[in-house]
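Peer 1: Below you'll find model_27.csv; it's CSV, N, CA and C atoms.
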```csv
chain,number,residue,atom,x,y,z
B,1,MET,N,-34.8,68.6,-0.9
B,1,MET,CA,-35.3,67.6,-1.8
B,1,MET,C,-35.4,66.3,-1.1
B,2,ARG,N,-36.3,65.5,-1.5
B,2,ARG,CA,-36.5,64.2,-0.8
B,2,ARG,C,-35.5,63.2,-1.3
B,3,ILE,N,-35.4,62.1,-0.6
B,3,ILE,CA,-34.3,61.1,-0.8
B,3,ILE,C,-34.4,60.5,-2.2
B,4,GLY,N,-35.6,60.2,-2.7
B,4,GLY,CA,-35.7,59.6,-4.0
B,4,GLY,C,-35.2,60.5,-5.1
B,5,GLU,N,-35.5,61.8,-5.0
B,5,GLU,CA,-35.0,62.8,-6.0
B,5,GLU,C,-33.5,62.9,-5.9
B,6,LEU,N,-32.9,62.9,-4.7
B,6,LEU,CA,-31.5,63.0,-4.5
B,6,LEU,C,-30.8,61.8,-5.1
B,7,ALA,N,-31.4,60.6,-4.8
B,7,ALA,CA,-30.8,59.4,-5.4
B,7,ALA,C,-30.8,59.4,-6.9
B,8,GLU,N,-31.9,59.8,-7.5
B,8,GLU,CA,-32.0,59.9,-8.9
B,8,GLU,C,-31.0,60.9,-9.5
B,9,ARG,N,-31.0,62.1,-9.0
B,9,ARG,CA,-30.1,63.1,-9.5
B,9,ARG,C,-28.6,62.8,-9.3
B,10,SER,N,-28.3,62.0,-8.3
B,10,SER,CA,-26.9,61.7,-8.1
B,10,SER,C,-26.5,60.3,-8.7
B,11,GLY,N,-27.5,59.6,-9.2
B,11,GLY,CA,-27.2,58.3,-9.9
B,11,GLY,C,-26.9,57.2,-8.9
B,12,VAL,N,-27.4,57.2,-7.7
B,12,VAL,CA,-27.2,56.1,-6.8
B,12,VAL,C,-28.6,55.7,-6.3
B,13,SER,N,-28.7,54.6,-5.6
B,13,SER,CA,-29.9,54.1,-5.0
B,13,SER,C,-30.3,54.8,-3.7
B,14,VAL,N,-31.5,54.7,-3.4
B,14,VAL,CA,-32.0,55.3,-2.1
B,14,VAL,C,-31.2,54.7,-0.9
B,15,GLN,N,-31.0,53.3,-1.0
B,15,GLN,CA,-30.3,52.6,0.0
B,15,GLN,C,-28.9,53.2,0.1
B,16,THR,N,-28.2,53.6,-1.0
B,16,THR,CA,-26.9,54.1,-1.0
B,16,THR,C,-26.9,55.5,-0.2
B,17,VAL,N,-27.9,56.3,-0.5
B,17,VAL,CA,-28.0,57.6,0.2
B,17,VAL,C,-28.1,57.4,1.7
B,18,ARG,N,-28.9,56.4,2.1
B,18,ARG,CA,-29.1,56.2,3.5
B,18,ARG,C,-27.8,55.6,4.1
B,19,TYR,N,-27.1,54.8,3.4
B,19,TYR,CA,-25.8,54.2,3.8
B,19,TYR,C,-24.8,55.3,4.0
B,20,TYR,N,-24.7,56.2,3.0
B,20,TYR,CA,-23.7,57.3,3.1
B,20,TYR,C,-24.0,58.1,4.3
B,21,GLU,N,-25.3,58.4,4.6
B,21,GLU,CA,-25.7,59.2,5.7
B,21,GLU,C,-25.3,58.5,7.0
B,22,ARG,N,-25.5,57.2,7.1
B,22,ARG,CA,-25.1,56.4,8.3
B,22,ARG,C,-23.6,56.4,8.5
B,23,ARG,N,-22.9,56.3,7.4
B,23,ARG,CA,-21.4,56.2,7.5
B,23,ARG,C,-20.8,57.6,7.7
B,24,GLY,N,-21.6,58.7,7.7
B,24,GLY,CA,-21.1,60.0,7.9
B,24,GLY,C,-20.4,60.7,6.8
B,25,VAL,N,-20.5,60.2,5.6
B,25,VAL,CA,-19.9,60.9,4.4
B,25,VAL,C,-20.9,61.8,3.8
B,26,LEU,N,-22.2,61.7,4.2
B,26,LEU,CA,-23.2,62.6,3.8
B,26,LEU,C,-23.9,63.2,5.0
B,27,LEU,N,-24.0,64.5,5.1
B,27,LEU,CA,-24.6,65.1,6.3
B,27,LEU,C,-26.0,64.6,6.5
B,28,PRO,N,-26.4,64.4,7.7
B,28,PRO,CA,-27.8,63.9,7.9
B,28,PRO,C,-28.8,65.0,7.4
B,29,ALA,N,-29.9,64.5,6.8
B,29,ALA,CA,-30.9,65.5,6.3
B,29,ALA,C,-31.7,65.9,7.4
B,30,ARG,N,-32.3,67.1,7.3
B,30,ARG,CA,-33.3,67.5,8.3
B,30,ARG,C,-34.5,66.8,8.0
B,31,ARG,N,-35.3,66.6,9.0
B,31,ARG,CA,-36.6,65.8,8.9
B,31,ARG,C,-37.7,66.8,8.9
B,32,LEU,N,-38.6,66.5,7.9
B,32,LEU,CA,-39.9,67.3,7.9
B,32,LEU,C,-40.8,66.8,8.9
B,33,SER,N,-41.9,67.5,9.2
B,33,SER,CA,-42.9,67.1,10.2
B,33,SER,C,-43.5,65.7,9.9
B,34,SER,N,-43.5,65.4,8.6
B,34,SER,CA,-44.0,64.1,8.1
B,34,SER,C,-43.0,63.0,8.4
B,35,GLY,N,-41.7,63.3,8.8
B,35,GLY,CA,-40.7,62.3,9.0
B,35,GLY,C,-39.8,62.1,7.8
B,36,TYR,N,-40.2,62.6,6.6
B,36,TYR,CA,-39.4,62.5,5.4
B,36,TYR,C,-38.1,63.3,5.6
B,37,ARG,N,-37.1,62.7,4.9
B,37,ARG,CA,-35.8,63.5,4.9
B,37,ARG,C,-35.9,64.6,3.9
B,38,ASP,N,-35.2,65.7,4.2
B,38,ASP,CA,-35.2,66.9,3.3
B,38,ASP,C,-33.8,67.3,3.1
B,39,TYR,N,-33.2,67.0,1.9
B,39,TYR,CA,-31.8,67.2,1.7
B,39,TYR,C,-31.6,68.6,1.0
B,40,PRO,N,-30.5,69.3,1.3
B,40,PRO,CA,-30.2,70.5,0.6
B,40,PRO,C,-29.8,70.2,-0.8
B,41,GLY,N,-29.8,71.2,-1.7
B,41,GLY,CA,-29.4,71.1,-3.1
B,41,GLY,C,-28.0,70.6,-3.3
B,42,ASP,N,-27.1,71.0,-2.4
B,42,ASP,CA,-25.7,70.6,-2.5
B,42,ASP,C,-25.4,69.2,-2.1
B,43,ALA,N,-26.4,68.4,-1.7
B,43,ALA,CA,-26.2,67.0,-1.3
B,43,ALA,C,-25.9,66.2,-2.6
B,44,VAL,N,-26.4,66.6,-3.7
B,44,VAL,CA,-26.0,65.9,-5.0
B,44,VAL,C,-24.5,66.0,-5.2
B,45,GLY,N,-24.0,67.2,-5.0
B,45,GLY,CA,-22.5,67.4,-5.2
B,45,GLY,C,-21.7,66.6,-4.2
B,46,ASP,N,-22.3,66.5,-3.0
B,46,ASP,CA,-21.6,65.7,-1.9
B,46,ASP,C,-21.5,64.2,-2.3
B,47,ILE,N,-22.6,63.7,-2.8
B,47,ILE,CA,-22.6,62.3,-3.3
B,47,ILE,C,-21.7,62.1,-4.4
B,48,LEU,N,-21.7,63.0,-5.4
B,48,LEU,CA,-20.8,62.9,-6.6
B,48,LEU,C,-19.4,62.9,-6.1
B,49,LEU,N,-19.1,63.7,-5.1
B,49,LEU,CA,-17.7,63.8,-4.6
B,49,LEU,C,-17.3,62.4,-3.9
B,50,VAL,N,-18.2,61.8,-3.2
B,50,VAL,CA,-18.0,60.5,-2.6
B,50,VAL,C,-17.7,59.5,-3.7
B,51,LYS,N,-18.5,59.4,-4.8
B,51,LYS,CA,-18.3,58.5,-5.9
B,51,LYS,C,-17.0,58.7,-6.6
B,52,TRP,N,-16.6,60.0,-6.7
B,52,TRP,CA,-15.4,60.3,-7.4
B,52,TRP,C,-14.2,59.8,-6.5
B,53,GLY,N,-14.3,60.1,-5.2
B,53,GLY,CA,-13.3,59.6,-4.3
B,53,GLY,C,-13.1,58.1,-4.3
B,54,GLN,N,-14.2,57.4,-4.5
B,54,GLN,CA,-14.2,55.9,-4.6
B,54,GLN,C,-13.5,55.5,-5.8
B,55,THR,N,-13.6,56.2,-6.9
B,55,THR,CA,-12.9,55.8,-8.2
B,55,THR,C,-11.4,56.0,-8.0
B,56,LEU,N,-11.0,56.9,-7.1
B,56,LEU,CA,-9.6,57.1,-6.8
B,56,LEU,C,-9.0,56.1,-5.8
B,57,GLY,N,-9.9,55.2,-5.3
B,57,GLY,CA,-9.5,54.2,-4.4
B,57,GLY,C,-9.6,54.5,-2.9
B,58,PHE,N,-10.2,55.6,-2.6
B,58,PHE,CA,-10.4,56.0,-1.2
B,58,PHE,C,-11.6,55.2,-0.7
B,59,SER,N,-11.5,54.8,0.6
B,59,SER,CA,-12.6,54.1,1.3
B,59,SER,C,-13.5,55.2,1.8
B,60,LEU,N,-14.7,54.7,2.2
B,60,LEU,CA,-15.6,55.7,2.8
B,60,LEU,C,-15.1,56.4,4.0
B,61,ARG,N,-14.3,55.6,4.8
B,61,ARG,CA,-13.7,56.2,6.0
B,61,ARG,C,-12.8,57.3,5.6
B,62,GLU,N,-11.9,57.1,4.6
B,62,GLU,CA,-11.0,58.1,4.1
B,62,GLU,C,-11.7,59.3,3.5
B,63,ILE,N,-12.8,59.0,2.8
B,63,ILE,CA,-13.6,60.1,2.2
B,63,ILE,C,-14.2,60.9,3.3
B,64,GLY,N,-14.6,60.3,4.3
B,64,GLY,CA,-15.1,61.1,5.5
B,64,GLY,C,-14.1,62.0,6.1
B,65,GLU,N,-12.8,61.5,6.1
B,65,GLU,CA,-11.7,62.3,6.6
B,65,GLU,C,-11.5,63.5,5.7
B,66,LEU,N,-11.5,63.2,4.4
B,66,LEU,CA,-11.3,64.3,3.4
B,66,LEU,C,-12.4,65.3,3.5
B,67,ARG,N,-13.6,64.8,3.7
B,67,ARG,CA,-14.8,65.7,3.8
B,67,ARG,C,-14.6,66.7,5.0
B,68,ARG,N,-14.0,66.2,6.1
B,68,ARG,CA,-13.8,67.1,7.2
B,68,ARG,C,-12.8,68.2,6.9
B,69,LEU,N,-12.0,68.0,5.9
B,69,LEU,CA,-11.1,69.0,5.5
B,69,LEU,C,-11.7,70.3,5.0
B,70,ARG,N,-13.0,70.2,4.7
B,70,ARG,CA,-13.8,71.3,4.1
B,70,ARG,C,-14.1,72.3,5.2
B,71,ARG,N,-13.9,71.9,6.4
B,71,ARG,CA,-14.2,72.9,7.5
B,71,ARG,C,-13.2,74.1,7.5
B,72,PRO,N,-13.8,75.2,7.8
B,72,PRO,CA,-12.9,76.4,7.8
B,72,PRO,C,-11.8,76.3,8.8
B,73,GLY,N,-10.6,76.8,8.4
B,73,GLY,CA,-9.5,76.8,9.4
B,73,GLY,C,-8.6,75.6,9.2
B,74,SER,N,-9.0,74.7,8.5
B,74,SER,CA,-8.1,73.5,8.3
B,74,SER,C,-7.1,73.8,7.2
B,75,GLU,N,-5.9,73.2,7.3
B,75,GLU,CA,-4.9,73.3,6.2
B,75,GLU,C,-5.3,72.3,5.1
B,76,ARG,N,-6.4,72.7,4.4
B,76,ARG,CA,-7.0,71.8,3.4
B,76,ARG,C,-6.0,71.4,2.3
B,77,GLY,N,-5.3,72.3,1.6
B,77,GLY,CA,-4.5,71.9,0.5
B,77,GLY,C,-3.4,71.0,0.9
B,78,LYS,N,-2.7,71.3,1.9
B,78,LYS,CA,-1.6,70.4,2.4
B,78,LYS,C,-2.1,69.0,2.8
B,79,ALA,N,-3.2,69.0,3.6
B,79,ALA,CA,-3.7,67.7,4.0
B,79,ALA,C,-4.2,66.9,2.9
B,80,LEU,N,-4.9,67.5,1.9
B,80,LEU,CA,-5.4,66.8,0.8
B,80,LEU,C,-4.3,66.2,0.0
B,81,ARG,N,-3.2,67.0,-0.2
B,81,ARG,CA,-2.0,66.5,-1.0
B,81,ARG,C,-1.4,65.3,-0.2
B,82,GLN,N,-1.4,65.4,1.1
B,82,GLN,CA,-0.8,64.2,1.9
B,82,GLN,C,-1.6,63.0,1.7
B,83,HIS,N,-3.0,63.1,1.8
B,83,HIS,CA,-3.9,62.0,1.6
B,83,HIS,C,-3.7,61.4,0.2
B,84,ALA,N,-3.6,62.3,-0.8
B,84,ALA,CA,-3.5,61.8,-2.2
B,84,ALA,C,-2.2,61.1,-2.4
B,85,ALA,N,-1.1,61.6,-1.8
B,85,ALA,CA,0.2,61.0,-1.9
B,85,ALA,C,0.2,59.6,-1.3
B,86,ALA,N,-0.4,59.5,-0.1
B,86,ALA,CA,-0.5,58.2,0.6
B,86,ALA,C,-1.3,57.2,-0.2
B,87,LYS,N,-2.4,57.7,-0.8
B,87,LYS,CA,-3.2,56.8,-1.6
B,87,LYS,C,-2.4,56.3,-2.9
B,88,ARG,N,-1.6,57.2,-3.5
B,88,ARG,CA,-0.8,56.9,-4.6
B,88,ARG,C,0.2,55.9,-4.3
B,89,ARG,N,0.9,56.0,-3.1
B,89,ARG,CA,1.8,55.0,-2.7
B,89,ARG,C,1.1,53.6,-2.5
B,90,GLU,N,0.0,53.7,-1.9
B,90,GLU,CA,-0.8,52.4,-1.7
B,90,GLU,C,-1.1,51.7,-3.0
B,91,ILE,N,-1.6,52.5,-4.0
B,91,ILE,CA,-1.9,52.0,-5.3
B,91,ILE,C,-0.6,51.5,-6.0
B,92,ASP,N,0.5,52.2,-5.9
B,92,ASP,CA,1.7,51.8,-6.5
B,92,ASP,C,2.1,50.4,-5.9
B,93,ALA,N,2.0,50.2,-4.6
B,93,ALA,CA,2.3,48.9,-4.0
B,93,ALA,C,1.4,47.8,-4.6
B,94,LYS,N,0.1,48.1,-4.7
B,94,LYS,CA,-0.8,47.1,-5.3
B,94,LYS,C,-0.4,46.8,-6.7
B,95,LEU,N,0.0,47.8,-7.5
B,95,LEU,CA,0.4,47.6,-8.9
B,95,LEU,C,1.6,46.7,-9.0
B,96,ARG,N,2.5,46.8,-8.0
B,96,ARG,CA,3.7,45.9,-8.0
B,96,ARG,C,3.3,44.5,-7.8
B,97,VAL,N,2.4,44.3,-6.9
B,97,VAL,CA,1.9,42.9,-6.6
B,97,VAL,C,1.1,42.4,-7.8
B,98,LEU,N,0.3,43.2,-8.5
B,98,LEU,CA,-0.4,42.8,-9.6
B,98,LEU,C,0.5,42.5,-10.8
B,99,ARG,N,1.5,43.3,-11.0
B,99,ARG,CA,2.5,43.0,-12.1
B,99,ARG,C,3.2,41.7,-11.9
B,100,GLN,N,3.6,41.4,-10.7
B,100,GLN,CA,4.2,40.1,-10.4
B,100,GLN,C,3.3,39.0,-10.6
B,101,ALA,N,2.0,39.1,-10.2
B,101,ALA,CA,1.0,38.1,-10.5
B,101,ALA,C,0.8,37.9,-12.0
B,102,ARG,N,0.8,39.0,-12.7
B,102,ARG,CA,0.6,38.9,-14.2
B,102,ARG,C,1.8,38.1,-14.8
B,103,ARG,N,3.0,38.4,-14.3
B,103,ARG,CA,4.2,37.7,-14.9
B,103,ARG,C,4.1,36.2,-14.6
B,104,ARG,N,3.7,35.8,-13.4
B,104,ARG,CA,3.5,34.4,-13.1
B,104,ARG,C,2.4,33.8,-13.9
B,105,LEU,N,1.3,34.5,-14.1
B,105,LEU,CA,0.2,34.0,-15.0
B,105,LEU,C,0.7,33.8,-16.4
B,106,ASP,N,1.5,34.8,-16.9
B,106,ASP,CA,2.0,34.7,-18.2
B,106,ASP,C,2.9,33.4,-18.4
B,107,GLU,N,3.7,33.1,-17.4
B,107,GLU,CA,4.5,31.8,-17.4
B,107,GLU,C,3.6,30.6,-17.5
B,108,LEU,N,2.5,30.6,-16.8
B,108,LEU,CA,1.6,29.5,-16.8
B,108,LEU,C,0.9,29.4,-18.2
B,109,VAL,N,0.5,30.5,-18.7
B,109,VAL,CA,-0.2,30.5,-20.0
B,109,VAL,C,0.8,30.0,-21.1
B,110,ARG,N,2.0,30.3,-21.0
B,110,ARG,CA,3.0,29.9,-22.0
B,110,ARG,C,3.5,28.5,-21.8
B,111,CYS,N,3.3,27.9,-20.7
B,111,CYS,CA,3.8,26.6,-20.3
B,111,CYS,C,2.9,25.5,-21.1
B,112,HIS,N,3.6,24.6,-21.8
B,112,HIS,CA,2.9,23.6,-22.5
B,112,HIS,C,3.4,22.2,-22.0
B,113,CYS,N,3.7,22.1,-20.7
B,113,CYS,CA,4.2,20.8,-20.2
B,113,CYS,C,3.0,19.9,-20.1
B,114,LYS,N,3.3,18.6,-20.1
B,114,LYS,CA,2.2,17.6,-20.1
B,114,LYS,C,2.0,17.1,-18.6
B,115,GLU,N,3.1,16.9,-17.9
B,115,GLU,CA,3.0,16.4,-16.6
B,115,GLU,C,4.1,17.1,-15.7
B,116,GLY,N,3.9,17.1,-14.4
B,116,GLY,CA,4.9,17.6,-13.6
B,116,GLY,C,5.4,19.0,-13.9
B,117,CYS,N,4.4,19.9,-14.0
B,117,CYS,CA,4.8,21.3,-14.5
B,117,CYS,C,5.8,21.9,-13.5
B,118,PRO,N,6.9,22.3,-14.1
B,118,PRO,CA,8.0,22.9,-13.3
B,118,PRO,C,7.6,24.2,-12.6
B,119,ILE,N,6.7,24.9,-13.2
B,119,ILE,CA,6.2,26.1,-12.6
B,119,ILE,C,5.4,25.8,-11.3
B,120,LEU,N,4.6,24.8,-11.3
B,120,LEU,CA,3.8,24.5,-10.1
B,120,LEU,C,4.7,23.8,-9.1
B,121,ARG,N,5.7,23.1,-9.5
B,121,ARG,CA,6.7,22.5,-8.6
B,121,ARG,C,7.4,23.6,-7.8
B,122,ARG,N,7.8,24.6,-8.6
B,122,ARG,CA,8.5,25.8,-8.0
B,122,ARG,C,7.6,26.5,-7.0
B,123,ALA,N,6.4,26.6,-7.3
B,123,ALA,CA,5.4,27.3,-6.5
B,123,ALA,C,5.2,26.6,-5.1
B,124,ARG,N,5.4,25.2,-5.1
B,124,ARG,CA,5.2,24.5,-3.9
B,124,ARG,C,6.4,24.5,-3.0
B,125,ARG,N,7.5,25.0,-3.5
B,125,ARG,CA,8.7,25.0,-2.6
B,125,ARG,C,8.6,26.1,-1.6
B,126,PRO,N,9.1,25.9,-0.4
B,126,PRO,CA,9.1,27.0,0.6
B,126,PRO,C,10.1,28.1,0.1
B,127,ARG,N,9.8,29.3,0.4
B,127,ARG,CA,10.7,30.4,0.0
B,127,ARG,C,11.5,30.7,1.3
B,128,ALA,N,12.7,31.1,1.0
B,128,ALA,CA,13.6,31.6,2.1
B,128,ALA,C,13.2,32.9,2.5
B,129,ARG,N,13.0,33.1,3.7
B,129,ARG,CA,12.6,34.5,4.2
B,129,ARG,C,13.8,35.3,4.6
B,130,SER,N,13.8,36.5,4.2
B,130,SER,CA,14.9,37.4,4.6
B,130,SER,C,14.7,37.8,6.1
B,131,ARG,N,15.8,37.8,6.8
B,131,ARG,CA,15.7,38.3,8.2
B,131,ARG,C,16.2,39.7,8.3
B,132,ARG,N,15.4,40.5,9.0
B,132,ARG,CA,15.8,41.9,9.2
B,132,ARG,C,16.7,42.0,10.4
B,133,LYS,N,17.6,42.8,10.3
B,133,LYS,CA,18.5,43.1,11.5
B,133,LYS,C,17.9,44.1,12.4
B,134,SER,N,17.9,43.8,13.6
B,134,SER,CA,17.3,44.7,14.6
B,134,SER,C,18.3,45.7,15.2
```
Here is a file; write its structure as structure tokens.

Peer 2:
Amino acid sequence: MRIGELAERSGVSVQTVRYYERRGVLLPARRLSSGYRDYPGDAVGDILLVKWGQTLGFSLREIGELRRLRRPGSERGKALRQHAAAKRREIDAKLRVLRQARRRLDELVRCHCKEGCPILRRARRPRARSRRKS
């Protein structure tokens, strides 16, 4: 199928298809004698898999690594679980930071001070850094 049809069937733009191909998350299409790209039917599924991976927080680089797990002989299940567990830890860390930011924003929203906001004063104070023992 040509690039326009692939883009339409997978719900992305033609530029996105080209970008995915350049980044290696979509196999390069064979070229017709006219120079047009000719994609196999399963390219739609490949793009949908990329989009799904992005919704889980995987970068295109990470999706490319996951895509390589499809090769025969790889320990796919174990490697996929390891990647998923690592991404989950990364998301959990981001959630902790976001929850802390939310609590601080809640304090500001509830604050009705007129001048010299104690919350902002506290934010301007240097924090003591913990030292790690080597």

Peer 1: Report the residues of range 16-123 of chain B whose backbone DSSP state falls under strand (DSSP E), written as a VMD selection string.

Peer 2: chain B and resid 30 to 31 37 to 38

Peer 1: Excluding Val17 in chain B and any residue of its chain fewer than 3 positions from it, enumerate the residues within 8 Å of it, using all atoms listed in the file, and give them as a list in words.

Peer 2: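 Neighbouring residues, sequence-local ones excluded: Ile3, Leu6, Ala7, Val12, Ser13, Val14, Tyr20, Glu21, Arg22, Arg23, Leu26 and Ile47 of chain B.
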
Peer 1: For atom N of Glu90 in chain B and CA of Glu65 in chain B, determine how far apart the two atoms are, in Å to one decimal place.

Peer 2: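 Between atom N of Glu90 in chain B and CA of Glu65 in chain B the gap is 16.8 Å.
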
Peer 1: List as a PyMOL selection string the protein and nucleic acid residues near Val44 in chain B, meaning an atom at most 7 Å away when only C-alpha atoms are counted, but skip any in the same chain fewer than 2 places from it.

Peer 2: chain B and resi 6+9-10+41-42+46-48

Peer 1: How many Å separate CA of Gly57 in chain B from CA of Lys87 in chain B?

Peer 2: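 Value for the CA of Gly57 in chain B-CA of Lys87 in chain B distance: 7.4 Å.
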
Peer 1: Compile the contact shell of range 116-123 of chain B as a PyMOL selection string: residues with an atom at most 8 Å away, counting all atoms listed in the file, same-chain residues fewer than 5 positions apart removed.

Peer 2: chain B and resi 107-108+111

Peer 1: Please report, as a VMD selection string, each residue of range 34-102 of chain B to which DSSP assigns helix (DSSP H, G or I) when run on this structure's backbone.

Peer 2: chain B and resid 43 to 55 60 to 68 76 to 102

Peer 1: In Å, rounded to a single decimal, give me how far CA of Arg89 in chain B is from CA of Ala101 in chain B.

Peer 2: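 Result for CA of Ala101 in chain B versus CA of Arg89 in chain B: 18.6 Å, one decimal.
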
Peer 1: Could you tell me, as number ranges by chain, which residues have any atom at most 8 Å from (-20.4, 55.2, -2.2), counting only N, CA and C atoms?

Peer 2: B: 16-17, 19-20, 47, 50-52, 54, 59-60
